[in-house]
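Peer 1: Just one file: final_39.cif, with mmCIF, C-alpha atoms; chains and numbers go by the auth columns.
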```
data_query
loop_
_atom_site.group_PDB
_atom_site.id
_atom_site.type_symbol
_atom_site.label_atom_id
_atom_site.label_comp_id
_atom_site.label_asym_id
_atom_site.label_seq_id
_atom_site.Cartn_x
_atom_site.Cartn_y
_atom_site.Cartn_z
_atom_site.B_iso_or_equiv
_atom_site.auth_seq_id
_atom_site.auth_asym_id
ATOM 1 C CA MET A 1 16.450 16.739 -37.302 0.00 1 A
ATOM 2 C CA ALA A 2 14.908 16.013 -33.913 0.00 2 A
ATOM 3 C CA THR A 3 16.969 14.425 -31.187 0.00 3 A
ATOM 4 C CA SER A 4 15.254 12.178 -28.752 0.00 4 A
ATOM 5 C CA LYS A 5 16.226 12.225 -25.129 0.00 5 A
ATOM 6 C CA ILE A 6 16.676 8.935 -23.377 0.00 6 A
ATOM 7 C CA ILE A 7 15.766 9.269 -19.752 0.00 7 A
ATOM 8 C CA LYS A 8 17.137 6.649 -17.402 0.00 8 A
ATOM 9 C CA GLN A 9 15.623 6.475 -13.997 0.00 9 A
ATOM 10 C CA THR A 10 17.540 5.278 -10.988 0.00 10 A
ATOM 11 C CA ALA A 11 16.174 2.005 -9.709 0.00 11 A
ATOM 12 C CA SER A 12 14.976 2.255 -6.132 0.00 12 A
ATOM 13 C CA LEU A 13 14.572 -1.158 -4.553 0.00 13 A
ATOM 14 C CA ARG A 14 11.803 -2.159 -2.219 0.00 14 A
ATOM 15 C CA LYS A 15 12.427 -4.657 0.541 0.00 15 A
ATOM 16 C CA GLU A 16 10.477 -7.286 -1.414 0.00 16 A
ATOM 17 C CA ASP A 17 12.838 -6.966 -4.398 0.00 17 A
ATOM 18 C CA VAL A 18 16.083 -7.468 -2.451 0.00 18 A
ATOM 19 C CA ASP A 19 18.117 -10.632 -3.037 0.00 19 A
ATOM 20 C CA LYS A 20 20.012 -11.413 0.187 0.00 20 A
ATOM 21 C CA LYS A 21 22.917 -13.835 0.349 0.00 21 A
ATOM 22 C CA TRP A 22 24.714 -15.448 3.286 0.00 22 A
ATOM 23 C CA ILE A 23 28.437 -14.717 3.665 0.00 23 A
ATOM 24 C CA ILE A 24 30.837 -16.303 6.155 0.00 24 A
ATOM 25 C CA ILE A 25 34.017 -14.503 7.263 0.00 25 A
ATOM 26 C CA ASP A 26 36.867 -15.971 9.298 0.00 26 A
ATOM 27 C CA ALA A 27 38.199 -13.233 11.610 0.00 27 A
ATOM 28 C CA GLU A 28 41.374 -15.059 12.610 0.00 28 A
ATOM 29 C CA GLY A 29 44.371 -12.725 12.368 0.00 29 A
ATOM 30 C CA ILE A 30 42.463 -9.840 10.744 0.00 30 A
ATOM 31 C CA VAL A 31 42.750 -6.319 12.168 0.00 31 A
ATOM 32 C CA LEU A 32 39.529 -5.295 13.934 0.00 32 A
ATOM 33 C CA GLY A 33 38.879 -1.963 12.202 0.00 33 A
ATOM 34 C CA ARG A 34 39.554 -3.274 8.713 0.00 34 A
ATOM 35 C CA LEU A 35 37.228 -6.222 9.271 0.00 35 A
ATOM 36 C CA ALA A 36 34.518 -4.009 10.771 0.00 36 A
ATOM 37 C CA SER A 37 34.557 -1.558 7.861 0.00 37 A
ATOM 38 C CA LYS A 38 34.212 -4.352 5.267 0.00 38 A
ATOM 39 C CA VAL A 39 31.403 -5.994 7.258 0.00 39 A
ATOM 40 C CA ALA A 40 29.570 -2.661 7.623 0.00 40 A
ATOM 41 C CA VAL A 41 29.678 -2.146 3.845 0.00 41 A
ATOM 42 C CA ILE A 42 28.286 -5.651 3.249 0.00 42 A
ATOM 43 C CA LEU A 43 25.542 -5.245 5.874 0.00 43 A
ATOM 44 C CA ARG A 44 24.395 -1.956 4.349 0.00 44 A
ATOM 45 C CA GLY A 45 24.513 -3.325 0.803 0.00 45 A
ATOM 46 C CA LYS A 46 26.883 -0.676 -0.532 0.00 46 A
ATOM 47 C CA HIS A 47 28.864 -3.334 -2.389 0.00 47 A
ATOM 48 C CA LYS A 48 25.896 -3.980 -4.682 0.00 48 A
ATOM 49 C CA PRO A 49 25.075 -1.863 -7.732 0.00 49 A
ATOM 50 C CA SER A 50 21.430 -1.853 -6.612 0.00 50 A
ATOM 51 C CA PHE A 51 22.191 -0.081 -3.294 0.00 51 A
ATOM 52 C CA THR A 52 19.228 1.856 -1.951 0.00 52 A
ATOM 53 C CA PRO A 53 19.857 4.010 1.151 0.00 53 A
ATOM 54 C CA HIS A 54 16.359 3.649 2.614 0.00 54 A
ATOM 55 C CA ALA A 55 16.056 -0.149 2.238 0.00 55 A
ATOM 56 C CA ASP A 56 17.743 -3.073 3.944 0.00 56 A
ATOM 57 C CA CYS A 57 19.470 -4.427 0.832 0.00 57 A
ATOM 58 C CA GLY A 58 22.605 -5.839 2.487 0.00 58 A
ATOM 59 C CA ASP A 59 23.582 -9.465 2.909 0.00 59 A
ATOM 60 C CA TYR A 60 23.658 -11.681 5.991 0.00 60 A
ATOM 61 C CA VAL A 61 27.149 -11.954 7.515 0.00 61 A
ATOM 62 C CA ILE A 62 28.440 -14.753 9.755 0.00 62 A
ATOM 63 C CA ILE A 63 31.733 -14.011 11.528 0.00 63 A
ATOM 64 C CA ILE A 64 33.615 -16.911 13.112 0.00 64 A
ATOM 65 C CA ASN A 65 36.757 -17.020 15.311 0.00 65 A
ATOM 66 C CA ALA A 66 35.957 -13.706 16.999 0.00 66 A
ATOM 67 C CA GLU A 67 38.369 -14.441 19.857 0.00 67 A
ATOM 68 C CA LYS A 68 41.298 -14.535 17.386 0.00 68 A
ATOM 69 C CA ILE A 69 40.826 -10.970 16.135 0.00 69 A
ATOM 70 C CA LYS A 70 43.941 -8.801 15.956 0.00 70 A
ATOM 71 C CA LEU A 71 44.402 -5.313 17.372 0.00 71 A
ATOM 72 C CA THR A 72 47.406 -3.213 16.345 0.00 72 A
ATOM 73 C CA GLY A 73 49.719 -1.213 18.570 0.00 73 A
ATOM 74 C CA LYS A 74 48.821 -0.976 22.250 0.00 74 A
ATOM 75 C CA LYS A 75 45.084 -1.138 21.651 0.00 75 A
ATOM 76 C CA LEU A 76 44.710 -4.503 23.388 0.00 76 A
ATOM 77 C CA ASP A 77 45.419 -2.846 26.739 0.00 77 A
ATOM 78 C CA GLY A 78 44.862 0.811 25.845 0.00 78 A
ATOM 79 C CA LYS A 79 41.418 0.619 24.225 0.00 79 A
ATOM 80 C CA ILE A 80 38.803 0.984 26.947 0.00 80 A
ATOM 81 C CA TYR A 81 35.086 0.300 26.540 0.00 81 A
ATOM 82 C CA TYR A 82 32.807 2.284 28.867 0.00 82 A
ATOM 83 C CA TRP A 83 29.150 1.779 29.807 0.00 83 A
ATOM 84 C CA HIS A 84 26.848 3.050 32.511 0.00 84 A
ATOM 85 C CA THR A 85 24.638 0.924 34.721 0.00 85 A
ATOM 86 C CA GLY A 86 22.010 3.622 35.123 0.00 86 A
ATOM 87 C CA HIS A 87 22.685 4.076 38.831 0.00 87 A
ATOM 88 C CA PRO A 88 24.541 7.065 40.339 0.00 88 A
ATOM 89 C CA GLY A 89 28.289 6.522 40.046 0.00 89 A
ATOM 90 C CA GLY A 90 27.664 3.474 37.884 0.00 90 A
ATOM 91 C CA ILE A 91 30.216 4.034 35.129 0.00 91 A
ATOM 92 C CA LYS A 92 32.057 0.815 34.295 0.00 92 A
ATOM 93 C CA SER A 93 34.981 0.066 32.009 0.00 93 A
ATOM 94 C CA ARG A 94 36.882 -2.856 30.540 0.00 94 A
ATOM 95 C CA THR A 95 39.871 -3.052 28.243 0.00 95 A
ATOM 96 C CA ALA A 96 39.742 -4.838 24.917 0.00 96 A
ATOM 97 C CA ARG A 97 41.965 -7.606 26.324 0.00 97 A
ATOM 98 C CA GLN A 98 39.530 -8.251 29.207 0.00 98 A
ATOM 99 C CA ILE A 99 36.606 -8.528 26.790 0.00 99 A
ATOM 100 C CA ILE A 100 38.396 -10.755 24.265 0.00 100 A
ATOM 101 C CA GLU A 101 39.734 -13.084 26.962 0.00 101 A
ATOM 102 C CA GLY A 102 36.433 -12.996 28.833 0.00 102 A
ATOM 103 C CA ARG A 103 33.105 -14.700 28.407 0.00 103 A
ATOM 104 C CA PHE A 104 31.862 -12.825 25.305 0.00 104 A
ATOM 105 C CA PRO A 105 34.776 -12.123 22.924 0.00 105 A
ATOM 106 C CA ASP A 106 32.327 -11.373 20.095 0.00 106 A
ATOM 107 C CA ARG A 107 31.329 -8.048 21.690 0.00 107 A
ATOM 108 C CA VAL A 108 34.439 -6.268 20.426 0.00 108 A
ATOM 109 C CA ILE A 109 33.475 -6.996 16.805 0.00 109 A
ATOM 110 C CA ARG A 110 29.791 -6.233 17.448 0.00 110 A
ATOM 111 C CA LEU A 111 30.612 -2.807 18.895 0.00 111 A
ATOM 112 C CA ALA A 112 33.070 -1.933 16.118 0.00 112 A
ATOM 113 C CA VAL A 113 30.529 -2.744 13.394 0.00 113 A
ATOM 114 C CA LYS A 114 27.644 -1.136 15.304 0.00 114 A
ATOM 115 C CA ARG A 115 29.510 2.162 15.436 0.00 115 A
ATOM 116 C CA MET A 116 30.025 2.100 11.651 0.00 116 A
ATOM 117 C CA ILE A 117 26.339 1.612 10.809 0.00 117 A
ATOM 118 C CA PRO A 118 23.936 4.597 10.804 0.00 118 A
ATOM 119 C CA LYS A 119 21.799 4.978 13.892 0.00 119 A
ATOM 120 C CA GLY A 120 18.051 4.411 13.728 0.00 120 A
ATOM 121 C CA PRO A 121 15.557 1.652 12.947 0.00 121 A
ATOM 122 C CA LEU A 122 17.132 0.754 9.594 0.00 122 A
ATOM 123 C CA GLY A 123 20.593 0.521 11.139 0.00 123 A
ATOM 124 C CA SER A 124 19.251 -1.761 13.866 0.00 124 A
ATOM 125 C CA GLN A 125 17.649 -3.989 11.238 0.00 125 A
ATOM 126 C CA GLN A 126 20.878 -4.154 9.233 0.00 126 A
ATOM 127 C CA LEU A 127 22.904 -4.929 12.354 0.00 127 A
ATOM 128 C CA SER A 128 20.603 -7.836 13.199 0.00 128 A
ATOM 129 C CA ASN A 129 21.738 -9.462 9.924 0.00 129 A
ATOM 130 C CA MET A 130 25.193 -10.028 11.463 0.00 130 A
ATOM 131 C CA LYS A 131 25.909 -13.176 13.474 0.00 131 A
ATOM 132 C CA VAL A 132 29.195 -13.351 15.424 0.00 132 A
ATOM 133 C CA TYR A 133 30.600 -16.526 17.014 0.00 133 A
ATOM 134 C CA ALA A 134 33.703 -16.969 19.191 0.00 134 A
ATOM 135 C CA GLY A 135 34.677 -20.344 17.739 0.00 135 A
ATOM 136 C CA THR A 136 34.415 -22.024 14.366 0.00 136 A
ATOM 137 C CA ASP A 137 31.009 -23.611 14.982 0.00 137 A
ATOM 138 C CA HIS A 138 27.845 -21.866 13.791 0.00 138 A
ATOM 139 C CA PRO A 139 24.235 -23.047 13.303 0.00 139 A
ATOM 140 C CA HIS A 140 23.805 -21.545 9.809 0.00 140 A
ATOM 141 C CA ALA A 141 25.056 -24.401 7.624 0.00 141 A
ATOM 142 C CA ALA A 142 21.558 -24.860 6.155 0.00 142 A
ATOM 143 C CA GLN A 143 21.774 -21.413 4.521 0.00 143 A
ATOM 144 C CA ALA A 144 24.851 -22.557 2.517 0.00 144 A
ATOM 145 C CA PRO A 145 26.950 -19.438 3.174 0.00 145 A
ATOM 146 C CA LYS A 146 29.701 -18.438 0.761 0.00 146 A
ATOM 147 C CA VAL A 147 33.175 -17.983 2.227 0.00 147 A
ATOM 148 C CA LEU A 148 34.572 -14.475 1.781 0.00 148 A
ATOM 149 C CA ASN A 149 38.320 -14.145 2.326 0.00 149 A
ATOM 150 C CA ILE A 150 38.764 -10.661 3.802 0.00 150 A
ATOM 151 C CA SER A 151 42.544 -11.017 4.144 0.00 151 A
ATOM 152 C CA GLU A 152 42.874 -11.122 0.344 0.00 152 A
ATOM 153 C CA MET A 153 40.783 -7.959 -0.013 0.00 153 A
ATOM 154 C CA LEU A 154 42.977 -5.922 2.331 0.00 154 A
#
```
Could you show the structure in this file as structure tokens?
Peer 2:
Amino acid sequence: MATSKIIKQTASLRKEDVDKKWIIIDAEGIVLGRLASKVAVILRGKHKPSFTPHADCGDYVIIINAEKIKLTGKKLDGKIYYWHTGHPGGIKSRTARQIIEGRFPDRVIRLAVKRMIPKGPLGSQQLSNMKVYAGTDHPHAAQAPKVLNISEML
């Protein structure tokens, strides 16, 4: 009696075959690291069964209320963000509180998610699928985004 082998091949998506959705997340009262890790998974597409590491198969993510993000412990004053101007002696720093209370409070979320995404051209493409806004207003209503409640997932 001969047995037949059934060979299943793993589906490898191309960028033309990807079905991208729009997701909106309210960041009010959510811990920064927990939010950033969930957003990074969605941007990469690892929450889908058709995840392909070499393709941009993640969804678009809109984050609102970025200025109401929560940091635990003493991170609001103890977490320091550094950058260099490119000139000699040009190292600069700001605390998380200064950034959140400043002109661009969305930068804290952007940096947290950016550091969780792989570096390179694909990571840059996936990161460009994230839109972060300080308030509740956003210009993406035409895309009919679905609301994802992160606080229930945690």
Peer 1: For the file shown, report as a ChimeraX atom specification the outcome of the PyMOL selection byres ((chain A and resi 19) around 10) at residue level.
Peer 2: /A:15-18,20-21,57-59
Peer 1: Which residue out of A:Met130, A:Ile6, A:Leu148, A:Ile117 has the minimum interatomic distance to Ala40 of chain A when all atoms listed in the file are used?
Peer 2: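 Checking each candidate against Ala40 of chain A, we get A:Ile117 as the closest.
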Peer 1: At what distance in Å, to one decimal, does atom CA of Gly29 of chain A lie from atom CA of Asn65 of chain A?
Peer 2: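 Value for the atom CA of Asn65 of chain A-atom CA of Gly29 of chain A distance: 9.2 Å.
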Peer 1: Translate the PyMOL selection byres ((chain A and resi 28) around 6) into a concrete residue list for this structure, as number ranges by chain.
Peer 2: A: 26-27, 29-30, 65, 68-69
Peer 1: Mind pulling up the distance from atom CA of Leu32 of chain A to atom CA of Ala112 of chain A?
Peer 2: 7.6 Å
Peer 1: On this structure, which residues satisfy the PyMOL selection byres ((chain A and resi 116) around 12), written as a ChimeraX atom specification?
Peer 2: /A:33-44,109-115,117-119,123-124,126-127
Peer 1: Could you tell me how far atom CA of Lys131 of chain A sits from atom CA of Lys92 of chain A, in Å to one decimal place?
Peer 2: 25.8 Å
Peer 1: Taking (44.8, 0.2, 21.7) in the file's coordinates as the center, which residues reach within 12 Å of it, counting all atoms listed in the file, put as a PyMOL selection string?
Peer 2: chain A and resi 31-33+70-81+95-97
Peer 1: Could you write out that same residue set with C-alpha atoms as a compact mmCIF listing (two decimals), in the frame of the given file?
Peer 2:
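Final output, saved to out-v4.txt:
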```txt
# COMPACT_ATOMS: atom_id res chain seq x y z
CA VAL A 31 42.75 -6.32 12.17
CA LEU A 32 39.53 -5.30 13.93
CA GLY A 33 38.88 -1.96 12.20
CA LYS A 70 43.94 -8.80 15.96
CA LEU A 71 44.40 -5.31 17.37
CA THR A 72 47.41 -3.21 16.34
CA GLY A 73 49.72 -1.21 18.57
CA LYS A 74 48.82 -0.98 22.25
CA LYS A 75 45.08 -1.14 21.65
CA LEU A 76 44.71 -4.50 23.39
CA ASP A 77 45.42 -2.85 26.74
CA GLY A 78 44.86 0.81 25.84
CA LYS A 79 41.42 0.62 24.22
CA ILE A 80 38.80 0.98 26.95
CA TYR A 81 35.09 0.30 26.54
CA THR A 95 39.87 -3.05 28.24
CA ALA A 96 39.74 -4.84 24.92
CA ARG A 97 41.96 -7.61 26.32
```
Peer 1: Excluding same-chain residues fewer than 6 positions from Pro139 of chain A, what lies within 12 Å of it counting all atoms listed in the file, as a PyMOL selection string?
Peer 2: chain A and resi 24+62-64+131-133+145
